[in-house]
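Here's upload.csv, which has CSV, C-alpha atoms:
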chain,number,residue,atom,x,y,z
A,143,MET,CA,13.9,-15.6,13.3
A,144,ALA,CA,15.8,-13.5,15.9
A,145,ARG,CA,13.8,-12.0,18.7
A,146,GLY,CA,13.1,-8.3,18.3
A,147,ARG,CA,13.5,-8.2,14.5
A,148,ILE,CA,12.0,-5.0,12.9
A,149,ILE,CA,9.6,-5.7,9.9
A,150,THR,CA,8.2,-2.9,7.7
A,151,GLY,CA,5.2,-3.2,5.4
A,152,LEU,CA,4.8,-0.5,2.7
A,153,ASP,CA,1.4,-0.4,1.1
A,154,ILE,CA,1.5,1.7,-2.1
A,155,GLY,CA,-2.1,2.5,-3.0
A,156,THR,CA,-3.8,4.8,-5.5
A,157,ALA,CA,-5.2,7.1,-2.8
A,158,THR,CA,-2.8,6.7,0.1
A,159,MET,CA,0.5,5.1,1.0
A,160,LYS,CA,0.8,3.4,4.3
A,161,ALA,CA,3.8,2.2,6.3
A,162,LEU,CA,3.6,-0.2,9.3
A,163,VAL,CA,6.6,-0.9,11.4
A,164,CYS,CA,6.4,-3.9,13.8
A,165,GLN,CA,8.8,-5.6,16.1
A,166,ASN,CA,8.7,-9.4,16.3
A,167,GLU,CA,8.4,-10.3,20.0
A,168,GLY,CA,8.7,-14.1,19.9
A,169,ARG,CA,5.4,-15.3,18.5
A,170,GLU,CA,3.8,-11.9,18.5
A,171,LEU,CA,4.1,-8.8,16.4
A,172,GLN,CA,4.0,-5.4,18.2
A,173,VAL,CA,3.3,-2.1,16.4
A,174,LEU,CA,6.1,0.4,16.7
A,175,SER,CA,4.8,2.9,14.1
A,176,TYR,CA,1.9,3.4,11.6
A,177,SER,CA,1.7,6.3,9.2
A,178,GLU,CA,0.0,7.2,5.9
A,179,ILE,CA,0.1,10.0,3.4
A,180,PRO,CA,-1.7,10.9,0.2
A,181,SER,CA,-0.4,9.0,-2.8
A,182,PHE,CA,0.8,10.4,-6.1
A,183,GLY,CA,2.2,8.8,-9.2
A,184,LEU,CA,-0.3,5.9,-9.3
A,185,ARG,CA,-3.3,5.2,-11.6
A,186,LYS,CA,-5.7,2.2,-11.1
A,187,GLY,CA,-3.4,0.7,-8.5
A,188,ALA,CA,-0.3,0.7,-10.7
A,189,VAL,CA,2.8,3.0,-10.4
A,190,VAL,CA,2.8,5.2,-13.6
A,191,ASN,CA,5.3,7.8,-12.4
A,192,SER,CA,8.1,6.3,-10.3
A,193,GLU,CA,9.7,9.7,-9.5
A,194,GLU,CA,6.5,11.1,-7.9
A,195,ALA,CA,5.9,7.8,-6.1
A,196,SER,CA,9.5,7.7,-4.8
A,197,LYS,CA,9.2,11.2,-3.3
A,198,ASN,CA,6.1,9.9,-1.3
A,199,ILE,CA,7.9,6.8,-0.2
A,200,GLN,CA,10.8,8.8,1.1
A,201,ALA,CA,8.6,11.1,3.0
A,202,LEU,CA,6.6,8.2,4.5
A,203,ILE,CA,9.6,6.2,5.5
A,204,SER,CA,11.4,9.2,6.9
A,205,GLY,CA,8.4,9.9,9.2
A,206,ALA,CA,8.4,6.3,10.4
A,207,GLU,CA,12.1,6.5,11.1
A,208,ARG,CA,11.7,9.6,13.2
A,209,GLU,CA,8.8,8.0,15.1
A,210,THR,CA,10.6,4.8,15.9
A,211,SER,CA,14.2,6.2,16.1
A,212,ARG,CA,15.2,3.3,13.9
A,213,ARG,CA,16.8,3.1,10.5
A,214,ILE,CA,14.4,1.3,8.0
A,215,GLY,CA,16.6,-0.3,5.4
A,216,SER,CA,14.1,-2.6,3.7
A,217,VAL,CA,10.4,-3.2,3.3
A,218,PHE,CA,7.9,-5.8,2.2
A,219,VAL,CA,5.9,-4.0,-0.5
A,220,ASN,CA,2.7,-4.8,-2.4
A,221,ILE,CA,1.9,-4.9,-6.1
A,222,GLY,CA,-1.6,-4.1,-7.3
A,223,GLY,CA,-3.6,-2.9,-10.2
A,224,SER,CA,-5.9,-4.4,-12.9
A,225,HIS,CA,-2.8,-5.4,-14.9
A,226,LEU,CA,-2.6,-8.5,-12.6
A,227,TYR,CA,-4.4,-11.5,-13.9
A,228,VAL,CA,-4.3,-15.3,-13.7
A,229,VAL,CA,-4.3,-18.0,-16.4
A,230,PRO,CA,-4.8,-21.7,-15.8
A,231,SER,CA,-1.9,-23.9,-16.9
A,232,ASP,CA,-0.6,-27.4,-16.6
A,233,GLY,CA,2.7,-29.3,-16.9
A,234,ILE,CA,3.9,-32.8,-17.0
A,235,ILE,CA,7.3,-34.5,-16.4
A,236,SER,CA,8.7,-38.0,-15.9
A,237,VAL,CA,9.9,-38.7,-12.3
A,238,SER,CA,13.7,-38.6,-12.3
A,239,ARG,CA,14.7,-41.0,-9.5
A,240,ALA,CA,15.3,-44.6,-10.2
A,241,ASP,CA,13.2,-45.7,-7.2
A,242,GLN,CA,10.3,-43.5,-8.6
A,243,ARG,CA,10.0,-41.5,-5.4
A,244,ILE,CA,8.9,-37.9,-6.2
A,245,SER,CA,11.5,-35.4,-5.0
A,246,GLN,CA,11.4,-31.7,-4.4
A,247,GLU,CA,13.4,-31.3,-7.6
A,248,ASP,CA,10.6,-33.1,-9.5
A,249,ILE,CA,8.0,-30.8,-8.0
A,250,ASP,CA,10.1,-27.7,-9.0
A,251,ARG,CA,10.5,-29.1,-12.5
A,252,VAL,CA,6.8,-29.7,-13.1
A,253,LEU,CA,5.9,-26.2,-11.8
A,254,GLN,CA,8.5,-24.7,-14.0
A,255,ALA,CA,7.0,-26.6,-16.9
A,256,THR,CA,3.6,-24.9,-16.3
A,257,LYS,CA,5.2,-21.6,-17.1
A,258,ALA,CA,5.7,-22.6,-20.8
A,259,ILE,CA,2.7,-20.7,-22.0
A,260,ASN,CA,2.2,-17.9,-24.6
A,261,ILE,CA,1.8,-14.5,-23.0
A,262,ALA,CA,2.6,-11.0,-24.3
A,263,SER,CA,6.3,-10.2,-24.6
A,264,ASN,CA,5.9,-7.3,-22.1
A,265,GLU,CA,4.3,-9.6,-19.4
A,266,GLU,CA,5.8,-12.0,-16.9
A,267,VAL,CA,4.7,-14.8,-14.5
A,268,LEU,CA,4.8,-13.5,-11.0
A,269,ASP,CA,3.9,-16.6,-9.1
A,270,VAL,CA,2.6,-20.2,-9.5
A,271,PHE,CA,-0.4,-21.5,-7.4
A,272,PRO,CA,-0.9,-25.2,-7.7
A,273,LYS,CA,-4.4,-26.5,-7.7
A,274,GLU,CA,-3.6,-30.2,-7.8
A,275,PHE,CA,-1.0,-32.7,-8.7
A,276,ILE,CA,-1.7,-35.9,-10.7
A,277,ILE,CA,0.5,-39.0,-10.3
A,278,ASP,CA,0.1,-41.6,-13.0
A,279,GLY,CA,-3.5,-40.4,-13.6
A,280,GLN,CA,-4.4,-40.3,-9.9
A,281,LYS,CA,-6.0,-36.8,-9.4
A,282,GLY,CA,-6.5,-34.6,-6.4
A,283,ILE,CA,-3.1,-34.9,-4.8
A,284,LYS,CA,-2.0,-31.8,-2.8
A,285,GLN,CA,1.4,-32.9,-1.5
A,286,PRO,CA,3.2,-35.2,-3.9
A,287,LEU,CA,6.6,-35.1,-2.2
A,288,GLY,CA,7.8,-38.7,-1.3
A,289,LEU,CA,5.0,-40.4,-3.2
A,290,SER,CA,5.8,-43.0,-5.9
A,291,GLY,CA,5.0,-42.7,-9.6
A,292,ILE,CA,6.4,-42.5,-13.1
A,293,ARG,CA,4.6,-39.4,-14.4
A,294,LEU,CA,3.9,-36.2,-12.4
A,295,GLU,CA,1.4,-33.6,-13.6
A,296,ALA,CA,0.5,-30.2,-12.1
A,297,LYS,CA,-2.6,-28.1,-12.7
A,298,VAL,CA,-1.9,-24.5,-11.6
A,299,LEU,CA,-2.9,-20.9,-11.8
A,300,LEU,CA,-0.2,-18.5,-13.1
A,301,LEU,CA,-0.3,-15.0,-11.7
A,302,CYS,CA,1.0,-12.6,-14.3
A,303,TYR,CA,1.8,-8.9,-14.5
A,304,PHE,CA,2.7,-6.1,-16.9
A,305,GLN,CA,6.5,-5.6,-16.8
A,306,SER,CA,6.5,-1.8,-17.1
A,307,TYR,CA,4.4,-1.3,-14.0
A,308,PHE,CA,6.5,-3.8,-12.1
A,309,ILE,CA,9.7,-1.9,-13.0
A,310,ASN,CA,8.1,1.4,-12.1
A,311,LEU,CA,7.2,0.0,-8.7
A,312,THR,CA,10.6,-1.4,-7.9
A,313,GLN,CA,12.3,1.8,-9.2
A,314,ALA,CA,10.1,3.9,-6.9
A,315,VAL,CA,11.1,1.9,-3.9
A,316,LEU,CA,14.8,1.4,-4.7
A,317,ASN,CA,15.3,5.1,-5.7
A,318,SER,CA,14.1,5.9,-2.1
A,319,LYS,CA,17.3,4.2,-0.9
A,320,ILE,CA,15.3,1.3,0.5
A,321,GLN,CA,15.8,-2.4,-0.3
A,322,ILE,CA,12.9,-4.7,-1.1
A,323,ASP,CA,12.5,-7.8,1.0
A,324,ASP,CA,9.7,-9.2,-1.1
A,325,ILE,CA,6.8,-8.1,-3.3
A,326,VAL,CA,3.3,-9.5,-2.5
A,327,PRO,CA,0.2,-9.0,-4.6
A,328,SER,CA,-2.2,-6.7,-2.6
A,329,PRO,CA,-5.2,-9.1,-2.3
A,330,LEU,CA,-2.9,-11.9,-1.1
A,331,ALA,CA,-1.4,-9.7,1.5
A,332,ALA,CA,-4.9,-8.7,2.7
A,333,ALA,CA,-5.9,-12.4,2.7
A,334,GLU,CA,-3.0,-13.2,5.0
A,335,ALA,CA,-4.1,-10.6,7.4
A,336,VAL,CA,-7.8,-11.2,7.6
A,337,LEU,CA,-8.6,-14.8,6.7
A,338,THR,CA,-8.3,-17.8,9.0
A,339,PRO,CA,-6.9,-21.2,7.8
A,340,GLN,CA,-10.4,-22.6,8.5
A,341,GLN,CA,-12.0,-20.2,6.0
A,342,LYS,CA,-9.4,-21.0,3.4
A,343,GLU,CA,-10.0,-24.7,3.9
A,344,LEU,CA,-13.8,-24.5,3.7
A,345,GLY,CA,-13.9,-22.1,0.7
A,346,VAL,CA,-14.0,-18.3,1.0
A,347,ALA,CA,-13.9,-15.3,-1.3
A,348,LEU,CA,-11.9,-12.2,-0.2
A,349,VAL,CA,-13.0,-8.9,-1.7
A,350,ASP,CA,-10.5,-6.1,-1.2
A,351,PHE,CA,-12.1,-2.7,-1.9
A,352,GLY,CA,-9.4,-0.2,-2.9
A,353,ALA,CA,-9.7,3.3,-4.1
A,354,ALA,CA,-9.3,2.6,-7.8
A,355,THR,CA,-9.6,-1.2,-8.0
A,356,THR,CA,-11.4,-4.0,-6.3
A,357,SER,CA,-9.7,-7.4,-6.0
A,358,LEU,CA,-11.1,-10.9,-5.6
A,359,ALA,CA,-9.2,-13.9,-4.4
A,360,VAL,CA,-11.0,-17.2,-3.9
A,361,PHE,CA,-9.6,-20.0,-1.7
A,362,GLU,CA,-10.6,-23.6,-1.2
A,363,GLU,CA,-8.9,-26.5,0.6
A,364,GLY,CA,-6.2,-24.1,1.7
A,365,ASP,CA,-5.2,-23.0,-1.9
A,366,MET,CA,-6.1,-20.0,-4.1
A,367,ILE,CA,-8.3,-21.2,-6.9
A,368,HIS,CA,-9.2,-17.9,-8.5
A,369,PHE,CA,-8.1,-14.3,-8.7
A,370,ALA,CA,-9.3,-11.2,-10.5
A,371,VAL,CA,-8.9,-7.4,-10.3
A,372,PHE,CA,-11.6,-4.9,-11.5
A,373,PRO,CA,-10.7,-1.3,-12.5
A,374,VAL,CA,-13.4,0.2,-10.2
A,375,GLY,CA,-13.3,1.1,-6.5
A,376,SER,CA,-14.4,3.4,-3.8
A,377,ALA,CA,-13.1,6.5,-5.6
A,378,ASN,CA,-15.7,5.8,-8.3
A,379,ILE,CA,-18.4,6.1,-5.6
A,380,THR,CA,-16.9,9.5,-4.6
A,381,ASN,CA,-16.9,10.6,-8.3
A,382,ASP,CA,-20.5,9.5,-8.7
A,383,ILE,CA,-21.5,11.6,-5.7
A,384,ALA,CA,-19.6,14.6,-7.0
A,385,ILE,CA,-21.4,14.3,-10.3
A,386,GLY,CA,-24.8,13.5,-8.9
A,387,LEU,CA,-24.8,16.3,-6.3
A,388,ARG,CA,-22.8,18.7,-8.6
A,389,THR,CA,-20.1,19.4,-6.0
A,390,GLU,CA,-16.3,19.1,-5.7
A,391,VAL,CA,-14.6,15.7,-5.2
A,392,ALA,CA,-13.3,16.7,-1.8
A,393,VAL,CA,-16.8,17.6,-0.6
A,394,ALA,CA,-18.2,14.4,-2.2
A,395,GLU,CA,-15.6,12.3,-0.3
A,396,SER,CA,-16.6,14.0,3.0
A,397,ILE,CA,-20.3,13.4,2.2
A,398,LYS,CA,-19.5,9.7,1.5
A,399,LYS,CA,-17.7,9.3,4.8
A,400,GLN,CA,-20.2,11.2,7.0
A,401,HIS,CA,-23.5,10.3,5.4
A,402,GLY,CA,-23.0,7.5,2.8
A,403,THR,CA,-24.7,4.1,3.0
A,404,CYS,CA,-25.4,1.4,0.6
A,405,VAL,CA,-29.0,0.7,1.7
A,406,PHE,CA,-31.6,2.2,4.0
A,407,SER,CA,-34.3,0.5,6.1
A,408,LYS,CA,-37.9,1.3,5.4
A,409,PRO,CA,-39.3,3.5,8.1
A,410,GLU,CA,-42.1,2.5,10.4
A,411,LYS,CA,-45.6,3.7,9.2
A,412,GLU,CA,-46.1,5.9,12.3
A,413,LYS,CA,-42.8,7.7,11.9
A,414,LYS,CA,-41.9,10.3,9.5
A,415,ASP,CA,-39.8,9.0,6.6
A,416,PRO,CA,-36.2,9.9,7.5
A,417,THR,CA,-35.0,9.3,4.0
A,418,LYS,CA,-36.9,12.5,2.9
A,419,LYS,CA,-35.3,14.7,5.5
A,420,LYS,CA,-32.9,17.2,3.9
A,421,ILE,CA,-29.2,17.0,4.8
A,422,GLU,CA,-27.4,20.4,4.4
A,423,ILE,CA,-23.7,20.6,3.9
A,424,PHE,CA,-21.8,23.9,4.2
A,425,ASP,CA,-18.5,24.6,2.5
A,426,LYS,CA,-16.5,27.9,2.2
A,427,SER,CA,-18.7,29.5,-0.4
A,428,SER,CA,-22.1,27.8,-0.5
A,429,SER,CA,-24.4,25.1,0.9
A,430,LEU,CA,-25.6,21.8,-0.5
A,431,MET,CA,-28.8,20.0,0.3
A,432,PHE,CA,-29.8,16.4,-0.4
A,433,THR,CA,-31.8,13.6,1.1
A,434,LYS,CA,-30.5,10.3,2.4
A,435,LYS,CA,-32.5,8.5,-0.2
A,436,SER,CA,-31.0,10.5,-3.0
A,437,LEU,CA,-27.5,9.7,-1.7
A,438,VAL,CA,-28.3,6.0,-1.5
A,439,ASP,CA,-29.6,6.2,-5.1
A,440,ILE,CA,-26.2,7.3,-6.2
A,441,ILE,CA,-24.1,4.9,-4.1
A,442,GLU,CA,-26.0,1.7,-4.4
A,443,PRO,CA,-25.8,1.2,-8.2
A,444,ARG,CA,-22.0,1.6,-8.2
A,445,VAL,CA,-21.6,-0.9,-5.3
A,446,SER,CA,-24.1,-3.2,-7.0
A,447,GLU,CA,-22.0,-3.0,-10.2
A,448,ILE,CA,-18.9,-4.2,-8.3
A,449,PHE,CA,-20.8,-7.1,-6.7
A,450,ASP,CA,-22.2,-8.0,-10.2
A,451,LEU,CA,-18.6,-8.3,-11.4
A,452,ILE,CA,-17.7,-10.5,-8.4
A,453,GLN,CA,-20.7,-12.7,-9.0
A,454,LYS,CA,-19.7,-13.2,-12.7
A,455,GLU,CA,-16.2,-14.3,-11.6
A,456,LEU,CA,-17.7,-16.8,-9.1
A,457,LYS,CA,-19.9,-18.2,-11.8
A,458,LYS,CA,-16.8,-18.8,-14.0
A,459,ILE,CA,-15.5,-21.2,-11.4
A,460,ASN,CA,-18.9,-22.6,-10.3
A,461,ARG,CA,-18.7,-21.2,-6.8
A,462,GLN,CA,-21.7,-18.9,-6.8
A,463,GLU,CA,-23.6,-19.6,-3.6
A,464,LEU,CA,-21.2,-22.5,-2.9
A,465,LEU,CA,-18.6,-21.0,-0.5
A,466,PRO,CA,-19.2,-22.2,3.1
A,467,GLY,CA,-16.7,-19.6,4.3
A,468,GLY,CA,-18.7,-16.9,2.6
A,469,VAL,CA,-17.4,-13.6,1.5
A,470,VAL,CA,-15.0,-11.4,3.5
A,471,LEU,CA,-15.0,-7.7,2.6
A,472,THR,CA,-11.9,-5.7,3.4
A,473,GLY,CA,-10.0,-2.6,2.3
A,474,GLY,CA,-11.0,1.1,2.8
A,475,GLY,CA,-14.2,0.7,0.8
A,476,ALA,CA,-15.5,-2.0,3.2
A,477,LYS,CA,-16.0,0.7,5.8
A,478,LEU,CA,-19.0,2.0,3.8
A,479,PRO,CA,-22.1,1.5,6.0
A,480,LYS,CA,-24.5,-1.3,5.0
A,481,ILE,CA,-22.1,-2.7,2.4
A,482,LYS,CA,-22.2,-6.1,4.2
A,483,GLU,CA,-26.0,-6.2,3.9
A,484,LEU,CA,-25.9,-5.4,0.2
A,485,ALA,CA,-23.3,-8.1,-0.4
A,486,LYS,CA,-25.4,-10.7,1.4
A,487,GLN,CA,-28.4,-9.6,-0.7
A,488,GLN,CA,-26.7,-9.8,-4.1
A,489,LEU,CA,-24.2,-12.6,-3.6
A,490,ARG,CA,-26.5,-14.8,-1.5
A,491,LEU,CA,-23.6,-15.8,0.7
A,492,PRO,CA,-22.5,-15.3,4.3
A,493,CYS,CA,-20.6,-12.0,4.6
A,494,GLU,CA,-18.4,-10.3,7.1
A,495,ILE,CA,-16.0,-7.4,7.3
A,496,GLY,CA,-12.4,-8.5,7.5
A,497,VAL,CA,-10.0,-6.7,9.9
A,498,PRO,CA,-6.3,-7.5,10.5
A,499,LYS,CA,-5.4,-10.2,13.0
A,500,LYS,CA,-2.2,-11.3,14.8
A,501,ILE,CA,-0.7,-7.9,15.3
A,502,THR,CA,-0.9,-6.4,18.7
A,503,GLY,CA,-1.8,-2.7,18.9
A,504,LEU,CA,-3.2,-2.4,15.4
A,505,ASP,CA,-6.7,-0.9,15.0
A,506,ASP,CA,-9.6,-3.2,13.8
A,507,ASP,CA,-9.7,-1.3,10.5
A,508,PRO,CA,-10.3,-3.1,7.2
A,509,SER,CA,-8.2,-0.4,5.3
A,510,LEU,CA,-5.1,-1.7,7.1
A,511,ALA,CA,-5.5,-5.3,5.8
A,512,THR,CA,-2.9,-5.0,3.0
A,513,VAL,CA,-0.2,-3.3,5.0
A,514,ALA,CA,-0.7,-5.7,7.9
A,515,GLY,CA,-0.5,-8.6,5.6
A,516,LEU,CA,2.8,-7.3,4.2
A,517,VAL,CA,4.3,-7.3,7.7
A,518,LEU,CA,2.9,-10.8,8.4
A,519,SER,CA,4.5,-12.0,5.1
A,520,GLY,CA,7.9,-11.3,6.7
A,521,ALA,CA,7.1,-12.9,10.1
A,522,ASP,CA,7.2,-16.6,10.9
A,523,ILE,CA,4.5,-16.2,13.6
A,524,ASP,CA,3.1,-19.7,13.3
A,525,GLY,CA,6.3,-21.4,12.5
A,526,LYS,CA,5.4,-21.8,8.9
A,527,ASP,CA,7.4,-21.2,5.8
A,528,LYS,CA,7.0,-17.7,4.4
A,529,SER,CA,6.5,-19.2,0.9
A,530,SER,CA,3.1,-20.5,2.0
A,531,ILE,CA,1.8,-17.0,1.9
A,532,LEU,CA,2.4,-16.5,-1.8
A,533,GLY,CA,2.3,-20.0,-3.1
A,534,VAL,CA,5.1,-22.6,-3.6
A,535,ALA,CA,7.3,-20.6,-6.0
A,536,LYS,CA,10.7,-20.0,-4.4
A,537,GLY,CA,13.4,-17.5,-4.9
A,538,TRP,CA,11.2,-14.6,-5.9
A,539,SER,CA,13.3,-12.0,-4.3
A,540,SER,CA,16.4,-13.0,-6.3
A,541,ARG,CA,14.2,-13.3,-9.4
A,542,PHE,CA,12.9,-9.7,-9.3
A,543,ARG,CA,16.4,-8.4,-8.7
A,544,LYS,CA,17.5,-10.3,-11.9
A,545,VAL,CA,14.6,-8.6,-13.8
A,546,LEU,CA,15.8,-5.2,-12.4
A,547,ARG,CA,19.3,-5.7,-13.7
A,548,ILE,CA,17.9,-6.0,-17.2
A,549,PHE,CA,15.8,-2.8,-17.1
A,550,LEU,CA,17.6,-0.4,-14.7
A,551,PRO,CA,20.5,1.7,-16.1

Kindly return the structure encoded in the file as structure tokens.
Amino acid sequence: MARGRIITGLDIGTATMKALVCQNEGRELQVLSYSEIPSFGLRKGAVVNSEEASKNIQALISGAERETSRRIGSVFVNIGGSHLYVVPSDGIISVSRADQRISQEDIDRVLQATKAINIASNEEVLDVFPKEFIIDGQKGIKQPLGLSGIRLEAKVLLLCYFQSYFINLTQAVLNSKIQIDDIVPSPLAAAEAVLTPQQKELGVALVDFGAATTSLAVFEEGDMIHFAVFPVGSANITNDIAIGLRTEVAVAESIKKQHGTCVFSKPEKEKKDPTKKKIEIFDKSSSLMFTKKSLVDIIEPRVSEIFDLIQKELKKINRQELLPGGVVLTGGGAKLPKIKELAKQQLRLPCEIGVPKKITGLDDDPSLATVAGLVLSGADIDGKDKSSILGVAKGWSSRFRKVLRIFLP
């Protein structure tokens, strides 16, 4: 990669859109510009109105160009939403070479064979994540290239998506006169930014709290072994506060940011109970009074609900309480005070807040995980192949352009 290359990440979220422009300085990424604006045209993480989303993207990128005095011609963009899901699959082939050495062509063929599954006609396979290869019945093989055998099998996870939302996303970006370098699922971009190779090797669950969705990606022995997206996020907490305190959503969001917490500590006996102290909020026309405890009583059930969903997914793969790397919380919702303590209590696993790494000049803010991961997906900082970020499937950029030629006028 040439020194000084400009890389732009475009995080298209339900609540906000973010653009991060970085310059590759050898083995280091330096921030040139970061900006964000309110988002329109999305619902539950998916683009439902490409025209509205495109206007936002144009405004965001134009601002980044003015700040950097650089023309931004292409971006690495995320895809999110509860329409993303994984299904297990497997494939089997005969090794093609006469000397029975497994070639890259054999690996590509067996991975292609795993895609022969029945899914809805309006859905497609986005990427393939191998869990293990099996050579002549020998299980647990991670790297079959160059090994000898007659029969090669692969057990994988297929990451699938809803075609219409994918087309809406690509239309929104391309109609903004910007090319797409690659499309990365939001939680996998976040994982690239906040997780270490050691955590992925030991076993770790990444929980990405967005505004309208919460994503879960579980890694073990360096590979993704599970993935799920739930249609509930931090905006639901805001809505709960608005209903519970009978106030406007904008006021509820402000209350959540200024006074919200997931749990509160019991006061010492000799001190007055601070949870009973009234908090008064003034807006333009009236005032609102509530206690810290009443606010916690609104927030905690919703966050607990999300952790219950995560716990159920971990049980599906028999990893409840069995992840040495613990749980890493990231995304804007991870900034809610005491959320780490509640996660430890409910999931009974080590827990930490994940912030972006490897980018110089970027704030330690979990809400920046996805946009930082998008930039990292375009940078060869550690001298590794970019395909290692998404999986082993190759040629995705050309593949989604082929899809576009089918659907675009």

task: Check the smallest atom-to-atom distance from each of A:Leu489, A:Ala476, A:Leu253, A:Val349 to A:Asp450 using all atoms listed in the file, then report the winner.
output: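 Closest residue, counting all atoms listed in the file: A:Leu489.
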
Could you build a table of the residues in stretch 341-421 of chain A lying no more than 12 Å from stretch 428-446 of chain A, giving for each the nearest pair of atoms and their separation in Å rounded to one decimal place, using all atoms listed in the file, ordered by chain and ascending residue number, as JSON lines?
{"residue": "A:Phe351", "atom": "CA", "partner": "A:Val445", "partner_atom": "CA", "distance": 10.2}
{"residue": "A:Thr356", "atom": "CA", "partner": "A:Val445", "partner_atom": "CA", "distance": 10.7}
{"residue": "A:Val374", "atom": "CA", "partner": "A:Arg444", "partner_atom": "CA", "distance": 8.9}
{"residue": "A:Gly375", "atom": "CA", "partner": "A:Val445", "partner_atom": "CA", "distance": 8.6}
{"residue": "A:Ser376", "atom": "CA", "partner": "A:Val445", "partner_atom": "CA", "distance": 8.5}
{"residue": "A:Ala377", "atom": "CA", "partner": "A:Arg444", "partner_atom": "CA", "distance": 10.5}
{"residue": "A:Asn378", "atom": "CA", "partner": "A:Arg444", "partner_atom": "CA", "distance": 7.6}
{"residue": "A:Ile379", "atom": "CA", "partner": "A:Ile441", "partner_atom": "CA", "distance": 6.0}
{"residue": "A:Thr380", "atom": "CA", "partner": "A:Ile441", "partner_atom": "CA", "distance": 8.6}
{"residue": "A:Asn381", "atom": "CA", "partner": "A:Ile440", "partner_atom": "CA", "distance": 10.1}
{"residue": "A:Asp382", "atom": "CA", "partner": "A:Ile440", "partner_atom": "CA", "distance": 6.6}
{"residue": "A:Ile383", "atom": "CA", "partner": "A:Ile440", "partner_atom": "CA", "distance": 6.4}
{"residue": "A:Ala384", "atom": "CA", "partner": "A:Ile440", "partner_atom": "CA", "distance": 9.9}
{"residue": "A:Ile385", "atom": "CA", "partner": "A:Ile440", "partner_atom": "CA", "distance": 9.4}
{"residue": "A:Gly386", "atom": "CA", "partner": "A:Ile440", "partner_atom": "CA", "distance": 6.9}
{"residue": "A:Leu387", "atom": "CA", "partner": "A:Phe432", "partner_atom": "CA", "distance": 7.7}
{"residue": "A:Arg388", "atom": "CA", "partner": "A:Leu430", "partner_atom": "CA", "distance": 9.1}
{"residue": "A:Thr389", "atom": "CA", "partner": "A:Leu430", "partner_atom": "CA", "distance": 8.1}
{"residue": "A:Glu390", "atom": "CA", "partner": "A:Leu430", "partner_atom": "CA", "distance": 11.0}
{"residue": "A:Val393", "atom": "CA", "partner": "A:Leu430", "partner_atom": "CA", "distance": 9.8}
{"residue": "A:Ala394", "atom": "CA", "partner": "A:Leu437", "partner_atom": "CA", "distance": 10.4}
{"residue": "A:Glu395", "atom": "CA", "partner": "A:Ile441", "partner_atom": "CA", "distance": 11.9}
{"residue": "A:Ile397", "atom": "CA", "partner": "A:Leu437", "partner_atom": "CA", "distance": 9.0}
{"residue": "A:Lys398", "atom": "CA", "partner": "A:Leu437", "partner_atom": "CA", "distance": 8.6}
{"residue": "A:Lys399", "atom": "CA", "partner": "A:Leu437", "partner_atom": "CA", "distance": 11.8}
{"residue": "A:Gln400", "atom": "CA", "partner": "A:Lys434", "partner_atom": "CA", "distance": 11.3}
{"residue": "A:His401", "atom": "CA", "partner": "A:Lys434", "partner_atom": "CA", "distance": 7.6}
{"residue": "A:Gly402", "atom": "CA", "partner": "A:Leu437", "partner_atom": "CA", "distance": 6.7}
{"residue": "A:Thr403", "atom": "CA", "partner": "A:Val438", "partner_atom": "CA", "distance": 6.1}
{"residue": "A:Cys404", "atom": "CA", "partner": "A:Glu442", "partner_atom": "CA", "distance": 5.0}
{"residue": "A:Val405", "atom": "CA", "partner": "A:Val438", "partner_atom": "CA", "distance": 6.2}
{"residue": "A:Phe406", "atom": "CA", "partner": "A:Val438", "partner_atom": "CA", "distance": 7.5}
{"residue": "A:Ser407", "atom": "CA", "partner": "A:Lys435", "partner_atom": "CA", "distance": 10.3}
{"residue": "A:Lys408", "atom": "CA", "partner": "A:Lys435", "partner_atom": "CA", "distance": 10.6}
{"residue": "A:Pro409", "atom": "CA", "partner": "A:Lys435", "partner_atom": "CA", "distance": 11.8}
{"residue": "A:Asp415", "atom": "CA", "partner": "A:Lys435", "partner_atom": "CA", "distance": 10.0}
{"residue": "A:Pro416", "atom": "CA", "partner": "A:Lys434", "partner_atom": "CA", "distance": 7.7}
{"residue": "A:Thr417", "atom": "CA", "partner": "A:Lys434", "partner_atom": "CA", "distance": 4.9}
{"residue": "A:Lys418", "atom": "CA", "partner": "A:Thr433", "partner_atom": "CA", "distance": 5.5}
{"residue": "A:Lys419", "atom": "CA", "partner": "A:Thr433", "partner_atom": "CA", "distance": 5.7}
{"residue": "A:Lys420", "atom": "CA", "partner": "A:Thr433", "partner_atom": "CA", "distance": 4.7}
{"residue": "A:Ile421", "atom": "CA", "partner": "A:Phe432", "partner_atom": "CA", "distance": 5.3}

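Within the 7 Å cut-off around A:Val217, using all atoms listed in the file and omitting residues fewer than 5 positions from it on the same chain, the listed residues are Thr150, Gly151, Leu152, Gln321, Ile322 and Asp323 of chain A.
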
query: Hey, which of A:Ile495, A:Leu162, A:Leu184, A:Ala255 ends up closest to A:Gly515? Count all atoms listed in the file.
result: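 Checking each candidate against A:Gly515, we get A:Leu162 as the closest.
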
- prompt: When you draw a straight line from atom CA of A:Leu300 to atom CA of A:Ala370, how long is it in Å?
  reply: 12.0 Å

message: So the first atom is atom CA of A:Arg147 and the second is atom CA of A:Val173; what is the distance between them in Å, to one decimal place?
response: 12.0 Å

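Each of A:Val346, A:Ile154, A:Ile277, A:Val267 was checked against A:Leu510 using all atoms listed in the file; the smallest atom-to-atom distance is that of A:Ile154.
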
statement: Expressed in Å, the length from atom CA of A:Ser396 to atom CA of A:Gly352 is 17.0 Å
